[in-house]
Amino acid sequence: MNNSFTVLIYPHQRLRHLQPAVDGLSDAVMRLYGLDMSALRWTECREGALALFEGGVCPEMAARIPSAKLDCAALLLYRREGGGWGYQLCFRGSVEDAFEAGAVPDAGEAERHAARLVRRFKAGREKLLPWLAGEEGAQTEPLEGLLGELAPWVREALSAGQLAPAPAAPVLDPSSPEENAPDRAAGQRPPEKESGPGACLPFLTGVKVLRRGWPFPLSLLYALFPKKRPAPEAVPFAGWTARELEEALNGFYTGKLARLELAFTLNGAGTYVRRLKKTVYHPFRLTLELIWERGRCVCLLLDDQQPTVYRLVADRDTYMNVDIKDLKKTVFCGQTVEEYTVFPKGDLQPLRRELPLLLSRLDRRDGVLSATARMGVWSCDGLNFSREQHQQFLDAWTL
C-alpha cells in the first residue's frame, strides 16, 4: 500500500448493496475534493465488506452517507502522508466518533473511543486501549495493530491482496422484455408503481392563492406593514383530484398566480392513552409556499413539527462549493435570503421535478428532504429555532 490510503469498512454488509451507494458519491467527491473514487478496490467476506483507496484520504461523506442510506455502521480508517493516522466511525448517517493519532490527552479519552468502537465491532475494549492511548510496542505499526484487534478479517483481506475493482453493473437493453423481466425464481417482485402528486390530497387542508401581489420595490414594505399586504383568495378544494392539483401548480409555473399556498395536516408521534385504550396521534401542519416576485420565485416548506424551514435549492453548485461566509444575499418579499434559493423565471426544471416528488411522498418526506441521501437539493433552516422565532418566520412568509 502507498504511504497515504483509506480503508472503508462496512461490517455485516454486502458488496452488491454498498457499491452503488458509494459510487453515487463519485461526482460530488471529484467536484469537492478532486479525488477519483473509481480507484476504489473492493472485497467482501462473511463478516462484511471493505474498500481500499490508495493515494489519498477519502472524505467523511464516503462513510457517513452510505451508512445513512443502508442504516448501518461504517468505519473510515486512514493514514496520511508522513505516517499520521486516524478514523471516523459513522452510524446511520451520524459521526459517532473521530480519532486522530497523537491527539489523545489522557487515558479517559482513550476509554471513550474504545467504548464507542466496541458498540459497532466485536472487539475487546481492553485490547484496543493500548493502540488508542499510544502505548503500542515498536514492532507493530499502530494502525495495523488497532485493525488487527478491531476487525481481523479486514487485516487478513488486505494482507492476502484479495481486493479488486468492483464489476460494473450490467447495462440492460430497454427494448428486450426478457432481459428486464423480474427474476421470479430469485423471489424478486416487480417494482411498485410510484404514487403521483395526488397522494398528498388526503392531507390537504387549505389552498390559498394571490393572483397579483405588490410589485417590486413596494414589496419591500411587507416587513414594515404586514397588515397592508394584499388579501389572499381561499380556493375550495373539496373533491379535488390530481388534475385540479396539477392545474394549480401549472398556474404558478406559468405566472398566472403570484403566490400559491398549500397547507397539509399530518399525524405525528402517537401516545397510547390507557383510559381510551387507543393511540392518540398529535397532528402537525406542513405549509408549502410558492412565491413569484420580479420574475424570480422561491419554494419553501414550513414544518411545524420540528419546527424547521426547508428551501428548495436553485443553484446547487453554489450551495455545495461556496463557503457559508462568502454566500451572496438578496432581498425577496422584504426578507433577506441567500441567492442560491431564488429561481430565475427561465430555469424552473428543478422546481417542476422536485415538487411532484415531494407531494407524492409527503408522508415519507424524510427521504426526499434528507441532506445525506440527496445532497444539495433542499436546504434546512431553523433547527435551533424557538417556537417564537418559527412563528415570526410563519408570519413573514405565509398568506
# chains A, B, ... in the order shown; residues from 1 in each chain; ligands from 1
>>> residues_around(residues="Leu15 in chain A", least_positions_apart="5", cutoff="10 Å", atoms="only C-alpha atoms", output="VMD selection string")
chain A and resid 10 20 to 21 42 to 45 48 to 51 166
>>> residues_around(residues="range 139-151 of chain A", least_positions_apart="6", cutoff="10 Å", atoms="only C-alpha atoms", output="list in words")
Ile9, Pro11, Glu47, Gly48, Leu77, Tyr78, Arg79, Gly83, Gly84, Trp85, Gly86, Tyr87, Ala101, Ala114, Leu117, Val118, Arg120, Phe121, Lys122, Ala123, Gly124, Arg125, Lys127, Leu128, Leu129, Pro130, Trp131 and Leu132 of chain A
>>> select_by_dssp(residues="range 79-150 of chain A", states="strand (DSSP E)", output="JSON, numbers by chain")
{"A": [79, 85, 86, 87, 88, 89, 90, 91, 94, 95, 96, 97, 98, 99, 100]}
>>> residues_around(residues="Arg361 in chain A", least_positions_apart="4", cutoff="8 Å", atoms="only C-alpha atoms", output="ChimeraX atom specification")
/A:195,197,199-200,357,365,368
>>> atom_distance(atom1="CA of Arg46 in chain A", atom2="CA of His17 in chain A")
14.5 Å
>>> atom_distance(atom1="CA of Ser94 in chain A", atom2="CA of Gln13 in chain A")
17.6 Å
>>> closest_residue(among="A:Gly82, A:Gly34, A:Gly24, A:Pro236", to="Leu262 in chain A", atoms="only C-alpha atoms")
A:Pro236
>>> atom_distance(atom1="CA of Met375 in chain A", atom2="CA of Tyr340 in chain A")
14.2 Å
>>> closest_residue(among="A:Glu261, A:Glu100, A:Glu233, A:Glu246", to="Leu76 in chain A", atoms="only C-alpha atoms")
A:Glu100
>>> residues_around(residues="Pro350 in chain A", least_positions_apart="4", cutoff="12 Å", atoms="only C-alpha atoms", output="PDB file with C-alpha atoms, in the first residue's frame")
ATOM      1  CA  TYR A 253     -45.353  27.792 -13.130  1.00  0.00           C
ATOM      2  CA  VAL A 298     -38.796  30.654  -4.246  1.00  0.00           C
ATOM      3  CA  CYS A 299     -40.162  27.396  -2.865  1.00  0.00           C
ATOM      4  CA  LEU A 312     -35.553  24.229  -2.496  1.00  0.00           C
ATOM      5  CA  VAL A 313     -32.036  24.964  -3.799  1.00  0.00           C
ATOM      6  CA  ALA A 314     -31.908  26.726  -7.170  1.00  0.00           C
ATOM      7  CA  ASP A 315     -28.100  26.862  -7.565  1.00  0.00           C
ATOM      8  CA  ARG A 316     -26.742  23.543  -6.307  1.00  0.00           C
ATOM      9  CA  THR A 341     -32.566  29.657  -3.085  1.00  0.00           C
ATOM     10  CA  VAL A 342     -34.029  32.025  -5.721  1.00  0.00           C
ATOM     11  CA  PHE A 343     -35.059  30.607  -9.120  1.00  0.00           C
ATOM     12  CA  PRO A 344     -34.918  32.730 -12.271  1.00  0.00           C
ATOM     13  CA  LYS A 345     -38.065  32.524 -14.378  1.00  0.00           C
ATOM     14  CA  GLY A 346     -36.386  30.656 -17.238  1.00  0.00           C
ATOM     15  CA  GLU A 354     -38.924  18.192  -7.082  1.00  0.00           C
ATOM     16  CA  LEU A 355     -42.447  19.395  -6.253  1.00  0.00           C
ATOM     17  CA  PRO A 356     -44.256  16.313  -7.657  1.00  0.00           C
ATOM     18  CA  LEU A 357     -41.737  14.077  -5.878  1.00  0.00           C
ATOM     19  CA  LEU A 358     -42.313  15.824  -2.547  1.00  0.00           C
ATOM     20  CA  GLY A 376     -27.815  19.926  -2.234  1.00  0.00           C
ATOM     21  CA  VAL A 377     -31.497  19.541  -3.176  1.00  0.00           C
ATOM     22  CA  TRP A 378     -33.165  21.072  -0.101  1.00  0.00           C
TER      23      TRP A 378
END
>>> closest_residue(among="A:Glu126, A:Glu111, A:Glu156, A:Glu60", to="Ala98 in chain A", atoms="only C-alpha atoms")
A:Glu60
>>> residues_around(residues="range 201-215 of chain A", least_positions_apart="3", cutoff="10 Å", atoms="only C-alpha atoms", output="PDB file with N, CA and C atoms, in the first residue's frame")
ATOM      1  N   PRO A 197     -48.412  13.033  -7.566  1.00  0.00           N
ATOM      2  CA  PRO A 197     -48.656  14.132  -6.629  1.00  0.00           C
ATOM      3  C   PRO A 197     -50.007  14.050  -5.941  1.00  0.00           C
ATOM      4  N   GLY A 198     -50.966  13.350  -6.555  1.00  0.00           N
ATOM      5  CA  GLY A 198     -52.283  13.211  -5.940  1.00  0.00           C
ATOM      6  C   GLY A 198     -52.272  12.477  -4.615  1.00  0.00           C
ATOM      7  N   LEU A 218     -42.293  47.963  -4.006  1.00  0.00           N
ATOM      8  CA  LEU A 218     -43.276  48.114  -2.929  1.00  0.00           C
ATOM      9  C   LEU A 218     -43.293  46.885  -2.019  1.00  0.00           C
ATOM     10  N   SER A 219     -42.903  45.727  -2.560  1.00  0.00           N
ATOM     11  CA  SER A 219     -42.906  44.514  -1.736  1.00  0.00           C
ATOM     12  C   SER A 219     -41.929  44.616  -0.568  1.00  0.00           C
ATOM     13  N   LEU A 220     -40.980  45.550  -0.632  1.00  0.00           N
ATOM     14  CA  LEU A 220     -40.058  45.736   0.491  1.00  0.00           C
ATOM     15  C   LEU A 220     -40.792  46.210   1.737  1.00  0.00           C
ATOM     16  N   LEU A 221     -41.990  46.754   1.555  1.00  0.00           N
ATOM     17  CA  LEU A 221     -42.754  47.242   2.697  1.00  0.00           C
ATOM     18  C   LEU A 221     -43.517  46.140   3.411  1.00  0.00           C
ATOM     19  N   TYR A 222     -43.432  44.899   2.879  1.00  0.00           N
ATOM     20  CA  TYR A 222     -44.103  43.780   3.551  1.00  0.00           C
ATOM     21  C   TYR A 222     -43.683  43.689   5.017  1.00  0.00           C
ATOM     22  N   ARG A 229     -50.564  43.923   3.458  1.00  0.00           N
ATOM     23  CA  ARG A 229     -50.305  43.030   2.335  1.00  0.00           C
ATOM     24  C   ARG A 229     -51.603  42.688   1.607  1.00  0.00           C
ATOM     25  N   PRO A 230     -51.549  42.412   0.293  1.00  0.00           N
ATOM     26  CA  PRO A 230     -52.760  42.053  -0.452  1.00  0.00           C
ATOM     27  C   PRO A 230     -53.446  40.839   0.160  1.00  0.00           C
ATOM     28  N   ALA A 231     -54.771  40.855   0.184  1.00  0.00           N
ATOM     29  CA  ALA A 231     -55.531  39.757   0.781  1.00  0.00           C
ATOM     30  C   ALA A 231     -55.526  38.549  -0.150  1.00  0.00           C
ATOM     31  N   PRO A 232     -55.208  37.356   0.374  1.00  0.00           N
ATOM     32  CA  PRO A 232     -55.220  36.161  -0.470  1.00  0.00           C
ATOM     33  C   PRO A 232     -56.647  35.672  -0.721  1.00  0.00           C
ATOM     34  N   GLU A 233     -56.775  34.790  -1.669  1.00  0.00           N
ATOM     35  CA  GLU A 233     -58.067  34.200  -2.034  1.00  0.00           C
ATOM     36  C   GLU A 233     -58.061  32.732  -1.631  1.00  0.00           C
ATOM     37  N   ALA A 234     -59.029  32.340  -0.819  1.00  0.00           N
ATOM     38  CA  ALA A 234     -59.152  30.934  -0.425  1.00  0.00           C
ATOM     39  C   ALA A 234     -59.829  30.164  -1.550  1.00  0.00           C
ATOM     40  N   VAL A 235     -59.233  29.061  -1.955  1.00  0.00           N
ATOM     41  CA  VAL A 235     -59.744  28.256  -3.070  1.00  0.00           C
ATOM     42  C   VAL A 235     -60.415  27.002  -2.514  1.00  0.00           C
ATOM     43  N   PRO A 236     -61.680  26.732  -2.880  1.00  0.00           N
ATOM     44  CA  PRO A 236     -62.323  25.484  -2.432  1.00  0.00           C
ATOM     45  C   PRO A 236     -61.586  24.275  -3.015  1.00  0.00           C
ATOM     46  N   PHE A 237     -61.275  23.331  -2.169  1.00  0.00           N
ATOM     47  CA  PHE A 237     -60.503  22.173  -2.620  1.00  0.00           C
ATOM     48  C   PHE A 237     -61.216  20.846  -2.370  1.00  0.00           C
ATOM     49  N   ALA A 238     -62.430  20.878  -1.828  1.00  0.00           N
ATOM     50  CA  ALA A 238     -63.165  19.635  -1.586  1.00  0.00           C
ATOM     51  C   ALA A 238     -63.428  18.929  -2.914  1.00  0.00           C
ATOM     52  N   GLY A 239     -63.128  17.655  -2.952  1.00  0.00           N
ATOM     53  CA  GLY A 239     -63.336  16.886  -4.168  1.00  0.00           C
ATOM     54  C   GLY A 239     -62.238  17.021  -5.195  1.00  0.00           C
ATOM     55  N   TRP A 240     -61.130  17.657  -4.812  1.00  0.00           N
ATOM     56  CA  TRP A 240     -60.020  17.798  -5.757  1.00  0.00           C
ATOM     57  C   TRP A 240     -59.458  16.432  -6.131  1.00  0.00           C
ATOM     58  N   THR A 241     -59.058  16.309  -7.386  1.00  0.00           N
ATOM     59  CA  THR A 241     -58.313  15.151  -7.866  1.00  0.00           C
ATOM     60  C   THR A 241     -56.917  15.622  -8.265  1.00  0.00           C
ATOM     61  N   ALA A 242     -56.127  14.698  -8.750  1.00  0.00           N
ATOM     62  CA  ALA A 242     -54.777  15.063  -9.181  1.00  0.00           C
ATOM     63  C   ALA A 242     -54.814  16.101 -10.301  1.00  0.00           C
ATOM     64  N   LEU A 245     -55.066  19.605  -8.818  1.00  0.00           N
ATOM     65  CA  LEU A 245     -53.784  19.952  -8.197  1.00  0.00           C
ATOM     66  C   LEU A 245     -52.760  20.343  -9.258  1.00  0.00           C
ATOM     67  N   ALA A 248     -53.443  23.845 -10.526  1.00  0.00           N
ATOM     68  CA  ALA A 248     -52.984  24.889  -9.603  1.00  0.00           C
ATOM     69  C   ALA A 248     -51.471  25.087  -9.706  1.00  0.00           C
ATOM     70  N   GLY A 251     -50.632  26.799 -12.905  1.00  0.00           N
ATOM     71  CA  GLY A 251     -50.952  28.216 -12.813  1.00  0.00           C
ATOM     72  C   GLY A 251     -49.821  29.012 -12.201  1.00  0.00           C
ATOM     73  N   PHE A 252     -49.124  28.403 -11.237  1.00  0.00           N
ATOM     74  CA  PHE A 252     -47.970  29.091 -10.651  1.00  0.00           C
ATOM     75  C   PHE A 252     -46.779  29.061 -11.611  1.00  0.00           C
ATOM     76  N   GLY A 255     -46.947  31.686 -14.218  1.00  0.00           N
ATOM     77  CA  GLY A 255     -47.013  33.061 -13.755  1.00  0.00           C
ATOM     78  C   GLY A 255     -48.414  33.618 -13.610  1.00  0.00           C
ATOM     79  N   LYS A 256     -49.454  32.796 -13.782  1.00  0.00           N
ATOM     80  CA  LYS A 256     -50.824  33.276 -13.603  1.00  0.00           C
ATOM     81  C   LYS A 256     -51.128  33.552 -12.137  1.00  0.00           C
ATOM     82  N   LEU A 257     -50.425  32.867 -11.254  1.00  0.00           N
ATOM     83  CA  LEU A 257     -50.578  33.063  -9.814  1.00  0.00           C
ATOM     84  C   LEU A 257     -49.289  33.660  -9.265  1.00  0.00           C
ATOM     85  N   ALA A 258     -49.416  34.759  -8.524  1.00  0.00           N
ATOM     86  CA  ALA A 258     -48.234  35.358  -7.902  1.00  0.00           C
ATOM     87  C   ALA A 258     -47.766  34.525  -6.712  1.00  0.00           C
ATOM     88  N   ARG A 259     -48.738  33.886  -6.038  1.00  0.00           N
ATOM     89  CA  ARG A 259     -48.403  33.032  -4.899  1.00  0.00           C
ATOM     90  C   ARG A 259     -49.369  31.864  -4.841  1.00  0.00           C
ATOM     91  N   LEU A 260     -48.865  30.736  -4.370  1.00  0.00           N
ATOM     92  CA  LEU A 260     -49.690  29.552  -4.145  1.00  0.00           C
ATOM     93  C   LEU A 260     -49.281  28.954  -2.811  1.00  0.00           C
ATOM     94  N   GLU A 261     -50.259  28.757  -1.942  1.00  0.00           N
ATOM     95  CA  GLU A 261     -50.003  28.169  -0.617  1.00  0.00           C
ATOM     96  C   GLU A 261     -50.847  26.917  -0.462  1.00  0.00           C
ATOM     97  N   LEU A 262     -50.194  25.799  -0.191  1.00  0.00           N
ATOM     98  CA  LEU A 262     -50.872  24.530   0.070  1.00  0.00           C
ATOM     99  C   LEU A 262     -50.581  24.136   1.511  1.00  0.00           C
ATOM    100  N   ALA A 263     -51.628  23.971   2.300  1.00  0.00           N
ATOM    101  CA  ALA A 263     -51.481  23.593   3.711  1.00  0.00           C
ATOM    102  C   ALA A 263     -51.906  22.139   3.892  1.00  0.00           C
ATOM    103  N   PHE A 264     -51.123  21.394   4.651  1.00  0.00           N
ATOM    104  CA  PHE A 264     -51.382  19.981   4.905  1.00  0.00           C
ATOM    105  C   PHE A 264     -51.347  19.724   6.406  1.00  0.00           C
ATOM    106  N   THR A 265     -52.125  18.735   6.826  1.00  0.00           N
ATOM    107  CA  THR A 265     -52.101  18.293   8.222  1.00  0.00           C
ATOM    108  C   THR A 265     -51.801  16.807   8.250  1.00  0.00           C
ATOM    109  N   LEU A 266     -50.739  16.438   8.964  1.00  0.00           N
ATOM    110  CA  LEU A 266     -50.321  15.047   9.070  1.00  0.00           C
ATOM    111  C   LEU A 266     -50.279  14.644  10.530  1.00  0.00           C
ATOM    112  N   ASN A 267     -50.311  13.347  10.770  1.00  0.00           N
ATOM    113  CA  ASN A 267     -50.220  12.832  12.133  1.00  0.00           C
ATOM    114  C   ASN A 267     -48.763  12.620  12.507  1.00  0.00           C
ATOM    115  N   ARG A 285     -48.742  20.636  11.205  1.00  0.00           N
ATOM    116  CA  ARG A 285     -49.034  21.319   9.945  1.00  0.00           C
ATOM    117  C   ARG A 285     -47.773  21.450   9.090  1.00  0.00           C
ATOM    118  N   LEU A 286     -47.936  21.201   7.795  1.00  0.00           N
ATOM    119  CA  LEU A 286     -46.917  21.473   6.785  1.00  0.00           C
ATOM    120  C   LEU A 286     -47.482  22.506   5.822  1.00  0.00           C
ATOM    121  N   THR A 287     -46.700  23.489   5.478  1.00  0.00           N
ATOM    122  CA  THR A 287     -47.158  24.530   4.560  1.00  0.00           C
ATOM    123  C   THR A 287     -46.164  24.669   3.421  1.00  0.00           C
ATOM    124  N   LEU A 288     -46.634  24.498   2.203  1.00  0.00           N
ATOM    125  CA  LEU A 288     -45.816  24.669   1.014  1.00  0.00           C
ATOM    126  C   LEU A 288     -46.095  26.045   0.425  1.00  0.00           C
ATOM    127  N   GLU A 289     -45.066  26.859   0.321  1.00  0.00           N
ATOM    128  CA  GLU A 289     -45.189  28.222  -0.182  1.00  0.00           C
ATOM    129  C   GLU A 289     -44.439  28.363  -1.494  1.00  0.00           C
ATOM    130  N   LEU A 290     -45.155  28.811  -2.549  1.00  0.00           N
ATOM    131  CA  LEU A 290     -44.566  29.095  -3.850  1.00  0.00           C
ATOM    132  C   LEU A 290     -44.813  30.581  -4.146  1.00  0.00           C
ATOM    133  N   ILE A 291     -43.749  31.332  -4.374  1.00  0.00           N
ATOM    134  CA  ILE A 291     -43.861  32.795  -4.437  1.00  0.00           C
ATOM    135  C   ILE A 291     -43.098  33.329  -5.640  1.00  0.00           C
ATOM    136  N   TRP A 292     -43.783  34.172  -6.428  1.00  0.00           N
ATOM    137  CA  TRP A 292     -43.141  34.922  -7.508  1.00  0.00           C
ATOM    138  C   TRP A 292     -42.899  36.354  -7.055  1.00  0.00           C
ATOM    139  N   GLU A 293     -41.783  36.927  -7.499  1.00  0.00           N
ATOM    140  CA  GLU A 293     -41.538  38.352  -7.328  1.00  0.00           C
ATOM    141  C   GLU A 293     -40.477  38.796  -8.324  1.00  0.00           C
ATOM    142  N   ARG A 294     -40.831  39.792  -9.136  1.00  0.00           N
ATOM    143  CA  ARG A 294     -39.878  40.401 -10.058  1.00  0.00           C
ATOM    144  C   ARG A 294     -39.222  39.367 -10.976  1.00  0.00           C
ATOM    145  N   CYS A 333     -39.334  39.597  -1.238  1.00  0.00           N
ATOM    146  CA  CYS A 333     -40.540  39.883  -0.435  1.00  0.00           C
ATOM    147  C   CYS A 333     -40.196  40.580   0.881  1.00  0.00           C
ATOM    148  N   LEU A 359     -44.672  15.975  -3.130  1.00  0.00           N
ATOM    149  CA  LEU A 359     -46.104  15.796  -2.895  1.00  0.00           C
ATOM    150  C   LEU A 359     -46.507  14.328  -2.950  1.00  0.00           C
ATOM    151  N   SER A 360     -45.830  13.540  -3.764  1.00  0.00           N
ATOM    152  CA  SER A 360     -46.164  12.116  -3.847  1.00  0.00           C
ATOM    153  C   SER A 360     -45.699  11.344  -2.621  1.00  0.00           C
ATOM    154  N   LEU A 362     -45.359  12.845   0.654  1.00  0.00           N
ATOM    155  CA  LEU A 362     -45.468  13.807   1.748  1.00  0.00           C
ATOM    156  C   LEU A 362     -45.409  13.119   3.108  1.00  0.00           C
ATOM    157  N   ASP A 363     -45.978  11.928   3.230  1.00  0.00           N
ATOM    158  CA  ASP A 363     -45.937  11.203   4.499  1.00  0.00           C
ATOM    159  C   ASP A 363     -44.621  10.456   4.677  1.00  0.00           C
ATOM    160  N   THR A 398     -46.089  33.265   5.184  1.00  0.00           N
ATOM    161  CA  THR A 398     -47.375  32.645   4.831  1.00  0.00           C
ATOM    162  C   THR A 398     -48.417  33.706   4.501  1.00  0.00           C
ATOM    163  N   LEU A 399     -49.429  33.297   3.744  1.00  0.00           N
ATOM    164  CA  LEU A 399     -50.518  34.211   3.371  1.00  0.00           C
ATOM    165  C   LEU A 399     -51.494  34.400   4.515  1.00  0.00           C
TER     166      LEU A 399
END
>>> closest_residue(among="A:Arg352, A:Arg387, A:Arg112, A:Arg80", to="Phe53 in chain A", atoms="only C-alpha atoms")
A:Arg80
